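A short worksheet on the structure shown next.
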2 protein chains.
Amino acid sequence: MTIKEVSEKFGITQDTLRYYEKAGIIPEIARTSGGARNYQSEDLEWVEHVVCLRQAGMPVESLVEYLRLSQKGDRTFPERLELLQEQRERLTAQQKKLTDAMNRLDFKISRYQAAVETGRLSWEDEKVNAKG
Amino acid sequence: MTIKEVSEKFGITQDTLRYYEKAGIIPEIARTSGGARNYQSEDLEWVEHVVCLRQAGMPVESLVEYLRLSQKGDRTFPERLELLQEQRERLTAQQKKLTDAMNRLDFKISRYQAAVETGRLSWEDEKVNAKG
DNA sequence: ATACTCCATGGAGTCCACTCCAGGTCAAGA
DNA sequence: TCTTGACCTGGAGTGGACTCCATGGAGTAT
């Protein structure tokens with residue numbers, strides 16, 4: 001598969017694909033006789049993985065070690081497992097922040113909805129007067 | 001409340017607080033006679049809000065308009081409501097990416113756990129051979 | 001042979017969100 | 001009065017993650 005096809009398949013630019021490779025979060029891609037990258041299905045799995053985790057906000061740096069360990073062979077299973085569990089914890093933490101923020105927005109939204117309907121904000125009578 | 005106290009209360013630096021003010025996502029803070037910032041409880045509500053949303057990954061730019069509208073008075077309720085709903089949708093989208101990534105990690109983790117226990121990866125026999 | 005498109009590389013540039021710094025003011029305490 | 005510590009400003013610097021660019025090679029169609 002060409003770099004163009006892969007970039008379209010995953011909705012990222014060719015530059016980003018080359019950057020991921022140089023950064024070491026996807027493997028070095030085999031080349032055609034002419035020197036063009038020729039992605040194998042195994043490579044696509046890696047691309048899918050990093051795109052997925054990057055979109056969730058996982059730092060590039062956190063993904064480097066995983067590729068490195070994977071290429072060091074089977075004896076790195078325990079380390080890889082630990083790494084994945086660490087990454088999962090990061091995401092769990094992020095998820096909490098996300099739901100906190102959503103709860104905050106929901107609360108404000110519900111008040112604004114009432115305000116827009118009744119023409120006045122429900123907390124205008126309150127002592128605490130932090131507008132917004 | 002001094003900038004130091006506020007920074008400690010919310011776990012962000014004083015520089016960040018000044019930056020947020022200059023960026024226009026918290027209001028301009030009143031000063032003491034000597035020129036030092038003197039945060040009021042209303043300001044603290046704003047700080048709490050932006051810290052919460054920033055931690056969830058909401059871009060600074062997306063927060064600017066909300067303060068601006070809030071300072072333009074009550075007739076901006078509908079616009080503010082719309083803005084909050086937009087922000088909520090952003091977070092919902094981000095939440096999906098997060099759960100996608102977590103599912104992916106969970107799947108890999110469960111396979112690695114089995115692998116570490118049994119000494120071999122469960123997908124070694126499979127045709128698809130994307131290691132990792 | 002020429003044109004066209006795709007791809008390669010190294011390196012510079014961009015954007016975001018801080019973060020740091022120099023140089024100065026201000027208030028309180030020894 | 002002198003020192004100390006917190007605070008101020010404007011502006012430069014940083015780190016992460018791309019993104020863009022100039023230049024040049026390869027493959028295909030006319």
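Just so we're on the same page: first chain in the structure tokens is A, next is B, and so on; residues restart at 1 for each chain, and ligands are numbered from 1 in the order they show up.
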
| request: Considering only C-alpha atoms (C1' of nucleotides), extract the chain A residues located within 9 Å of chain D and return them as number ranges by chain. | output: A: 15-16, 19, 34-36, 59-60

Mind fitting chain A to chain B by least squares on all Cα atoms in order and giving back the moved coordinates as a PDB file with C-alpha atoms, in the first residue's frame?
ATOM      1  CA  MET A   1      -6.832  36.396  47.493  1.00  0.00           C
ATOM      2  CA  THR A   2      -3.297  36.720  46.146  1.00  0.00           C
ATOM      3  CA  ILE A   3      -2.094  35.152  42.950  1.00  0.00           C
ATOM      4  CA  LYS A   4       0.042  32.804  44.973  1.00  0.00           C
ATOM      5  CA  GLU A   5      -2.910  31.531  46.954  1.00  0.00           C
ATOM      6  CA  VAL A   6      -4.982  31.053  43.842  1.00  0.00           C
ATOM      7  CA  SER A   7      -2.190  29.230  42.062  1.00  0.00           C
ATOM      8  CA  GLU A   8      -1.842  26.877  45.008  1.00  0.00           C
ATOM      9  CA  LYS A   9      -5.574  26.402  45.352  1.00  0.00           C
ATOM     10  CA  PHE A  10      -5.911  25.282  41.750  1.00  0.00           C
ATOM     11  CA  GLY A  11      -2.539  23.700  41.195  1.00  0.00           C
ATOM     12  CA  ILE A  12      -1.450  25.949  38.355  1.00  0.00           C
ATOM     13  CA  THR A  13       1.415  28.413  38.178  1.00  0.00           C
ATOM     14  CA  GLN A  14       1.172  32.159  38.650  1.00  0.00           C
ATOM     15  CA  ASP A  15       2.446  32.549  35.119  1.00  0.00           C
ATOM     16  CA  THR A  16      -0.430  30.470  33.863  1.00  0.00           C
ATOM     17  CA  LEU A  17      -2.914  32.596  35.775  1.00  0.00           C
ATOM     18  CA  ARG A  18      -1.489  35.750  34.245  1.00  0.00           C
ATOM     19  CA  TYR A  19      -1.509  34.077  30.855  1.00  0.00           C
ATOM     20  CA  TYR A  20      -5.181  33.108  31.199  1.00  0.00           C
ATOM     21  CA  GLU A  21      -6.018  36.661  32.071  1.00  0.00           C
ATOM     22  CA  LYS A  22      -4.110  38.088  29.143  1.00  0.00           C
ATOM     23  CA  ALA A  23      -5.615  35.482  26.848  1.00  0.00           C
ATOM     24  CA  GLY A  24      -9.054  36.614  27.961  1.00  0.00           C
ATOM     25  CA  ILE A  25     -10.459  33.431  29.415  1.00  0.00           C
ATOM     26  CA  ILE A  26     -10.696  34.792  32.939  1.00  0.00           C
ATOM     27  CA  PRO A  27     -11.722  38.370  33.673  1.00  0.00           C
ATOM     28  CA  GLU A  28      -9.276  41.171  34.392  1.00  0.00           C
ATOM     29  CA  ILE A  29      -8.463  40.878  38.063  1.00  0.00           C
ATOM     30  CA  ALA A  30      -8.839  43.880  40.376  1.00  0.00           C
ATOM     31  CA  ARG A  31      -5.621  45.208  41.899  1.00  0.00           C
ATOM     32  CA  THR A  32      -4.519  46.304  45.328  1.00  0.00           C
ATOM     33  CA  SER A  33      -3.304  49.872  45.769  1.00  0.00           C
ATOM     34  CA  GLY A  34       0.174  48.494  45.148  1.00  0.00           C
ATOM     35  CA  GLY A  35      -0.818  46.964  41.838  1.00  0.00           C
ATOM     36  CA  ALA A  36      -0.948  43.306  42.882  1.00  0.00           C
ATOM     37  CA  ARG A  37      -3.806  41.130  41.679  1.00  0.00           C
ATOM     38  CA  ASN A  38      -6.517  40.605  44.240  1.00  0.00           C
ATOM     39  CA  TYR A  39      -8.775  37.727  43.246  1.00  0.00           C
ATOM     40  CA  GLN A  40     -12.433  37.933  44.259  1.00  0.00           C
ATOM     41  CA  SER A  41     -14.641  34.906  44.774  1.00  0.00           C
ATOM     42  CA  GLU A  42     -16.290  35.592  41.455  1.00  0.00           C
ATOM     43  CA  ASP A  43     -12.869  35.420  39.811  1.00  0.00           C
ATOM     44  CA  LEU A  44     -12.212  32.111  41.499  1.00  0.00           C
ATOM     45  CA  GLU A  45     -15.301  30.674  39.864  1.00  0.00           C
ATOM     46  CA  TRP A  46     -13.893  31.653  36.522  1.00  0.00           C
ATOM     47  CA  VAL A  47     -10.510  30.174  37.329  1.00  0.00           C
ATOM     48  CA  GLU A  48     -12.123  26.954  38.438  1.00  0.00           C
ATOM     49  CA  HIS A  49     -14.137  26.817  35.260  1.00  0.00           C
ATOM     50  CA  VAL A  50     -11.259  27.337  32.870  1.00  0.00           C
ATOM     51  CA  VAL A  51      -8.946  25.008  34.773  1.00  0.00           C
ATOM     52  CA  CYS A  52     -11.583  22.312  34.628  1.00  0.00           C
ATOM     53  CA  LEU A  53     -12.244  22.713  30.927  1.00  0.00           C
ATOM     54  CA  ARG A  54      -8.584  23.128  30.041  1.00  0.00           C
ATOM     55  CA  GLN A  55      -7.759  19.904  31.815  1.00  0.00           C
ATOM     56  CA  ALA A  56     -10.349  18.220  29.683  1.00  0.00           C
ATOM     57  CA  GLY A  57      -8.483  19.529  26.646  1.00  0.00           C
ATOM     58  CA  MET A  58     -10.768  22.378  25.694  1.00  0.00           C
ATOM     59  CA  PRO A  59      -8.699  24.844  23.625  1.00  0.00           C
ATOM     60  CA  VAL A  60      -8.076  28.270  25.110  1.00  0.00           C
ATOM     61  CA  GLU A  61      -9.551  29.842  22.019  1.00  0.00           C
ATOM     62  CA  SER A  62     -12.868  28.114  22.643  1.00  0.00           C
ATOM     63  CA  LEU A  63     -13.060  29.655  26.079  1.00  0.00           C
ATOM     64  CA  VAL A  64     -12.404  33.230  25.030  1.00  0.00           C
ATOM     65  CA  GLU A  65     -15.777  33.848  23.465  1.00  0.00           C
ATOM     66  CA  TYR A  66     -17.637  32.680  26.529  1.00  0.00           C
ATOM     67  CA  LEU A  67     -16.024  35.260  28.778  1.00  0.00           C
ATOM     68  CA  ARG A  68     -16.557  37.912  26.162  1.00  0.00           C
ATOM     69  CA  LEU A  69     -20.262  37.121  25.898  1.00  0.00           C
ATOM     70  CA  SER A  70     -20.665  36.943  29.661  1.00  0.00           C
ATOM     71  CA  GLN A  71     -19.258  40.423  29.930  1.00  0.00           C
ATOM     72  CA  LYS A  72     -21.594  41.708  27.264  1.00  0.00           C
ATOM     73  CA  GLY A  73     -24.555  41.202  29.530  1.00  0.00           C
ATOM     74  CA  ASP A  74     -27.736  39.228  29.905  1.00  0.00           C
ATOM     75  CA  ARG A  75     -28.930  39.456  26.340  1.00  0.00           C
ATOM     76  CA  THR A  76     -26.167  37.039  25.361  1.00  0.00           C
ATOM     77  CA  PHE A  77     -27.765  34.116  27.219  1.00  0.00           C
ATOM     78  CA  PRO A  78     -28.824  32.292  24.061  1.00  0.00           C
ATOM     79  CA  GLU A  79     -25.402  32.657  22.486  1.00  0.00           C
ATOM     80  CA  ARG A  80     -23.720  31.476  25.629  1.00  0.00           C
ATOM     81  CA  LEU A  81     -26.004  28.489  25.792  1.00  0.00           C
ATOM     82  CA  GLU A  82     -25.148  27.609  22.233  1.00  0.00           C
ATOM     83  CA  LEU A  83     -21.457  27.939  22.979  1.00  0.00           C
ATOM     84  CA  LEU A  84     -21.697  25.659  25.978  1.00  0.00           C
ATOM     85  CA  GLN A  85     -23.551  23.091  23.927  1.00  0.00           C
ATOM     86  CA  GLU A  86     -20.859  23.255  21.281  1.00  0.00           C
ATOM     87  CA  GLN A  87     -18.204  22.736  23.909  1.00  0.00           C
ATOM     88  CA  ARG A  88     -20.106  19.808  25.275  1.00  0.00           C
ATOM     89  CA  GLU A  89     -20.186  18.220  21.859  1.00  0.00           C
ATOM     90  CA  ARG A  90     -16.450  18.604  21.564  1.00  0.00           C
ATOM     91  CA  LEU A  91     -16.061  16.763  24.814  1.00  0.00           C
ATOM     92  CA  THR A  92     -18.475  14.073  23.732  1.00  0.00           C
ATOM     93  CA  ALA A  93     -16.422  13.520  20.606  1.00  0.00           C
ATOM     94  CA  GLN A  94     -13.267  13.378  22.654  1.00  0.00           C
ATOM     95  CA  GLN A  95     -14.884  10.938  25.025  1.00  0.00           C
ATOM     96  CA  LYS A  96     -15.598   8.593  22.168  1.00  0.00           C
ATOM     97  CA  LYS A  97     -11.976   8.654  21.072  1.00  0.00           C
ATOM     98  CA  LEU A  98     -10.954   7.985  24.622  1.00  0.00           C
ATOM     99  CA  THR A  99     -13.189   4.946  25.007  1.00  0.00           C
ATOM    100  CA  ASP A 100     -12.104   3.650  21.617  1.00  0.00           C
ATOM    101  CA  ALA A 101      -8.524   3.824  22.760  1.00  0.00           C
ATOM    102  CA  MET A 102      -9.345   2.235  26.093  1.00  0.00           C
ATOM    103  CA  ASN A 103     -11.131  -0.634  24.404  1.00  0.00           C
ATOM    104  CA  ARG A 104      -8.116  -1.164  22.231  1.00  0.00           C
ATOM    105  CA  LEU A 105      -5.818  -1.181  25.210  1.00  0.00           C
ATOM    106  CA  ASP A 106      -8.119  -3.497  27.143  1.00  0.00           C
ATOM    107  CA  PHE A 107      -8.090  -5.961  24.310  1.00  0.00           C
ATOM    108  CA  LYS A 108      -4.328  -5.940  24.072  1.00  0.00           C
ATOM    109  CA  ILE A 109      -3.926  -6.073  27.815  1.00  0.00           C
ATOM    110  CA  SER A 110      -6.140  -9.122  28.118  1.00  0.00           C
ATOM    111  CA  ARG A 111      -4.107 -10.887  25.466  1.00  0.00           C
ATOM    112  CA  TYR A 112      -0.843  -9.967  27.093  1.00  0.00           C
ATOM    113  CA  GLN A 113      -2.102 -11.120  30.451  1.00  0.00           C
ATOM    114  CA  ALA A 114      -2.927 -14.495  28.982  1.00  0.00           C
ATOM    115  CA  ALA A 115       0.428 -14.518  27.215  1.00  0.00           C
ATOM    116  CA  VAL A 116       2.393 -13.729  30.324  1.00  0.00           C
ATOM    117  CA  GLU A 117       0.557 -16.466  32.203  1.00  0.00           C
ATOM    118  CA  THR A 118       0.783 -19.172  29.572  1.00  0.00           C
ATOM    119  CA  GLY A 119       4.110 -18.083  28.161  1.00  0.00           C
ATOM    120  CA  ARG A 120       2.825 -17.578  24.652  1.00  0.00           C
ATOM    121  CA  LEU A 121       0.710 -15.045  22.848  1.00  0.00           C
ATOM    122  CA  SER A 122      -2.752 -16.232  21.942  1.00  0.00           C
ATOM    123  CA  TRP A 123      -2.505 -14.891  18.434  1.00  0.00           C
ATOM    124  CA  GLU A 124       0.740 -16.553  17.483  1.00  0.00           C
ATOM    125  CA  ASP A 125      -1.230 -19.167  15.528  1.00  0.00           C
ATOM    126  CA  GLU A 126      -3.313 -16.675  13.665  1.00  0.00           C
ATOM    127  CA  LYS A 127      -2.697 -15.720  10.088  1.00  0.00           C
ATOM    128  CA  VAL A 128      -2.768 -12.050  10.844  1.00  0.00           C
ATOM    129  CA  ASN A 129       0.565 -11.514  12.419  1.00  0.00           C
ATOM    130  CA  ALA A 130       0.672  -7.929  13.528  1.00  0.00           C
ATOM    131  CA  LYS A 131       2.762  -8.221  16.615  1.00  0.00           C
ATOM    132  CA  GLY A 132       2.326  -5.800  19.432  1.00  0.00           C
TER     133      GLY A 132
END

Contacts of chain C with chain B up to 8 Å, shortest pair per row, only C-alpha atoms (C1' of nucleotides), as JSON lines:
{"residue": "C:DC18", "atom": "C1'", "partner": "B:Thr16", "partner_atom": "CA", "distance": 6.7}
{"residue": "C:DT19", "atom": "C1'", "partner": "B:Asp15", "partner_atom": "CA", "distance": 7.3}
{"residue": "C:DC26", "atom": "C1'", "partner": "B:Gly34", "partner_atom": "CA", "distance": 6.0}

Export of the given selection (C-alpha atoms (C1' of nucleotides)) as an mmCIF file, in the first residue's frame:
data_model
loop_
_atom_site.group_PDB
_atom_site.id
_atom_site.type_symbol
_atom_site.label_atom_id
_atom_site.label_comp_id
_atom_site.auth_asym_id
_atom_site.auth_seq_id
_atom_site.Cartn_x
_atom_site.Cartn_y
_atom_site.Cartn_z
ATOM 1 C "C1'" DC C 18 2.529 27.625 28.550
ATOM 2 C "C1'" DT C 19 7.188 28.867 31.007
ATOM 3 C "C1'" DC C 26 5.891 47.705 46.825
#

| field | Which of chain B DSSP labels alpha helix (DSSP H), written as a PyMOL selection string | value | chain B and resi 3-10+14-23+41-55+60-71+77-118

Selection to disk with C-alpha atoms, as a PDB file, in the first residue's frame:
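Below is the file again-v7.pdb, written as the result:
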ATOM      1  CA  ILE B   3      -2.124  35.138  42.949  1.00  0.00           C
ATOM      2  CA  LYS B   4       0.020  32.794  44.977  1.00  0.00           C
ATOM      3  CA  GLU B   5      -2.937  31.535  46.966  1.00  0.00           C
ATOM      4  CA  VAL B   6      -5.011  31.065  43.846  1.00  0.00           C
ATOM      5  CA  SER B   7      -2.218  29.241  42.068  1.00  0.00           C
ATOM      6  CA  GLU B   8      -1.878  26.867  45.021  1.00  0.00           C
ATOM      7  CA  LYS B   9      -5.610  26.386  45.366  1.00  0.00           C
ATOM      8  CA  PHE B  10      -5.942  25.271  41.765  1.00  0.00           C
ATOM      9  CA  GLN B  14       1.141  32.141  38.665  1.00  0.00           C
ATOM     10  CA  ASP B  15       2.407  32.549  35.136  1.00  0.00           C
ATOM     11  CA  THR B  16      -0.454  30.474  33.872  1.00  0.00           C
ATOM     12  CA  LEU B  17      -2.944  32.574  35.786  1.00  0.00           C
ATOM     13  CA  ARG B  18      -1.522  35.755  34.248  1.00  0.00           C
ATOM     14  CA  TYR B  19      -1.528  34.083  30.873  1.00  0.00           C
ATOM     15  CA  TYR B  20      -5.187  33.102  31.212  1.00  0.00           C
ATOM     16  CA  GLU B  21      -6.047  36.656  32.082  1.00  0.00           C
ATOM     17  CA  LYS B  22      -4.138  38.081  29.153  1.00  0.00           C
ATOM     18  CA  ALA B  23      -5.631  35.466  26.854  1.00  0.00           C
ATOM     19  CA  SER B  41     -14.672  34.909  44.779  1.00  0.00           C
ATOM     20  CA  GLU B  42     -16.304  35.603  41.444  1.00  0.00           C
ATOM     21  CA  ASP B  43     -12.881  35.419  39.819  1.00  0.00           C
ATOM     22  CA  LEU B  44     -12.241  32.109  41.523  1.00  0.00           C
ATOM     23  CA  GLU B  45     -15.342  30.673  39.885  1.00  0.00           C
ATOM     24  CA  TRP B  46     -13.901  31.657  36.535  1.00  0.00           C
ATOM     25  CA  VAL B  47     -10.536  30.180  37.346  1.00  0.00           C
ATOM     26  CA  GLU B  48     -12.139  26.948  38.449  1.00  0.00           C
ATOM     27  CA  HIS B  49     -14.147  26.810  35.271  1.00  0.00           C
ATOM     28  CA  VAL B  50     -11.259  27.330  32.883  1.00  0.00           C
ATOM     29  CA  VAL B  51      -8.953  25.005  34.788  1.00  0.00           C
ATOM     30  CA  CYS B  52     -11.587  22.289  34.647  1.00  0.00           C
ATOM     31  CA  LEU B  53     -12.235  22.701  30.937  1.00  0.00           C
ATOM     32  CA  ARG B  54      -8.573  23.112  30.058  1.00  0.00           C
ATOM     33  CA  GLN B  55      -7.753  19.890  31.850  1.00  0.00           C
ATOM     34  CA  VAL B  60      -8.048  28.249  25.115  1.00  0.00           C
ATOM     35  CA  GLU B  61      -9.512  29.814  22.019  1.00  0.00           C
ATOM     36  CA  SER B  62     -12.832  28.092  22.642  1.00  0.00           C
ATOM     37  CA  LEU B  63     -13.042  29.621  26.066  1.00  0.00           C
ATOM     38  CA  VAL B  64     -12.385  33.195  25.023  1.00  0.00           C
ATOM     39  CA  GLU B  65     -15.746  33.834  23.454  1.00  0.00           C
ATOM     40  CA  TYR B  66     -17.617  32.659  26.509  1.00  0.00           C
ATOM     41  CA  LEU B  67     -16.018  35.240  28.765  1.00  0.00           C
ATOM     42  CA  ARG B  68     -16.547  37.898  26.146  1.00  0.00           C
ATOM     43  CA  LEU B  69     -20.227  37.100  25.877  1.00  0.00           C
ATOM     44  CA  SER B  70     -20.645  36.921  29.633  1.00  0.00           C
ATOM     45  CA  GLN B  71     -19.251  40.414  29.903  1.00  0.00           C
ATOM     46  CA  PHE B  77     -27.730  34.095  27.200  1.00  0.00           C
ATOM     47  CA  PRO B  78     -28.784  32.263  24.046  1.00  0.00           C
ATOM     48  CA  GLU B  79     -25.364  32.617  22.458  1.00  0.00           C
ATOM     49  CA  ARG B  80     -23.681  31.455  25.610  1.00  0.00           C
ATOM     50  CA  LEU B  81     -25.973  28.474  25.785  1.00  0.00           C
ATOM     51  CA  GLU B  82     -25.119  27.588  22.219  1.00  0.00           C
ATOM     52  CA  LEU B  83     -21.418  27.920  22.967  1.00  0.00           C
ATOM     53  CA  LEU B  84     -21.660  25.637  25.982  1.00  0.00           C
ATOM     54  CA  GLN B  85     -23.521  23.071  23.935  1.00  0.00           C
ATOM     55  CA  GLU B  86     -20.825  23.230  21.284  1.00  0.00           C
ATOM     56  CA  GLN B  87     -18.173  22.714  23.924  1.00  0.00           C
ATOM     57  CA  ARG B  88     -20.104  19.791  25.263  1.00  0.00           C
ATOM     58  CA  GLU B  89     -20.159  18.204  21.857  1.00  0.00           C
ATOM     59  CA  ARG B  90     -16.426  18.596  21.558  1.00  0.00           C
ATOM     60  CA  LEU B  91     -16.026  16.763  24.820  1.00  0.00           C
ATOM     61  CA  THR B  92     -18.439  14.063  23.752  1.00  0.00           C
ATOM     62  CA  ALA B  93     -16.388  13.521  20.613  1.00  0.00           C
ATOM     63  CA  GLN B  94     -13.225  13.385  22.667  1.00  0.00           C
ATOM     64  CA  GLN B  95     -14.844  10.949  25.040  1.00  0.00           C
ATOM     65  CA  LYS B  96     -15.548   8.602  22.168  1.00  0.00           C
ATOM     66  CA  LYS B  97     -11.926   8.673  21.085  1.00  0.00           C
ATOM     67  CA  LEU B  98     -10.908   7.985  24.626  1.00  0.00           C
ATOM     68  CA  THR B  99     -13.148   4.957  25.007  1.00  0.00           C
ATOM     69  CA  ASP B 100     -12.056   3.657  21.607  1.00  0.00           C
ATOM     70  CA  ALA B 101      -8.461   3.834  22.765  1.00  0.00           C
ATOM     71  CA  MET B 102      -9.288   2.249  26.091  1.00  0.00           C
ATOM     72  CA  ASN B 103     -11.083  -0.625  24.409  1.00  0.00           C
ATOM     73  CA  ARG B 104      -8.067  -1.146  22.212  1.00  0.00           C
ATOM     74  CA  LEU B 105      -5.765  -1.173  25.216  1.00  0.00           C
ATOM     75  CA  ASP B 106      -8.060  -3.488  27.142  1.00  0.00           C
ATOM     76  CA  PHE B 107      -8.046  -5.949  24.306  1.00  0.00           C
ATOM     77  CA  LYS B 108      -4.290  -5.931  24.059  1.00  0.00           C
ATOM     78  CA  ILE B 109      -3.874  -6.079  27.803  1.00  0.00           C
ATOM     79  CA  SER B 110      -6.079  -9.128  28.112  1.00  0.00           C
ATOM     80  CA  ARG B 111      -4.061 -10.893  25.445  1.00  0.00           C
ATOM     81  CA  TYR B 112      -0.793  -9.982  27.080  1.00  0.00           C
ATOM     82  CA  GLN B 113      -2.052 -11.138  30.448  1.00  0.00           C
ATOM     83  CA  ALA B 114      -2.887 -14.509  28.964  1.00  0.00           C
ATOM     84  CA  ALA B 115       0.449 -14.517  27.188  1.00  0.00           C
ATOM     85  CA  VAL B 116       2.439 -13.743  30.288  1.00  0.00           C
ATOM     86  CA  GLU B 117       0.623 -16.470  32.182  1.00  0.00           C
ATOM     87  CA  THR B 118       0.818 -19.171  29.539  1.00  0.00           C
TER      88      THR B 118
END
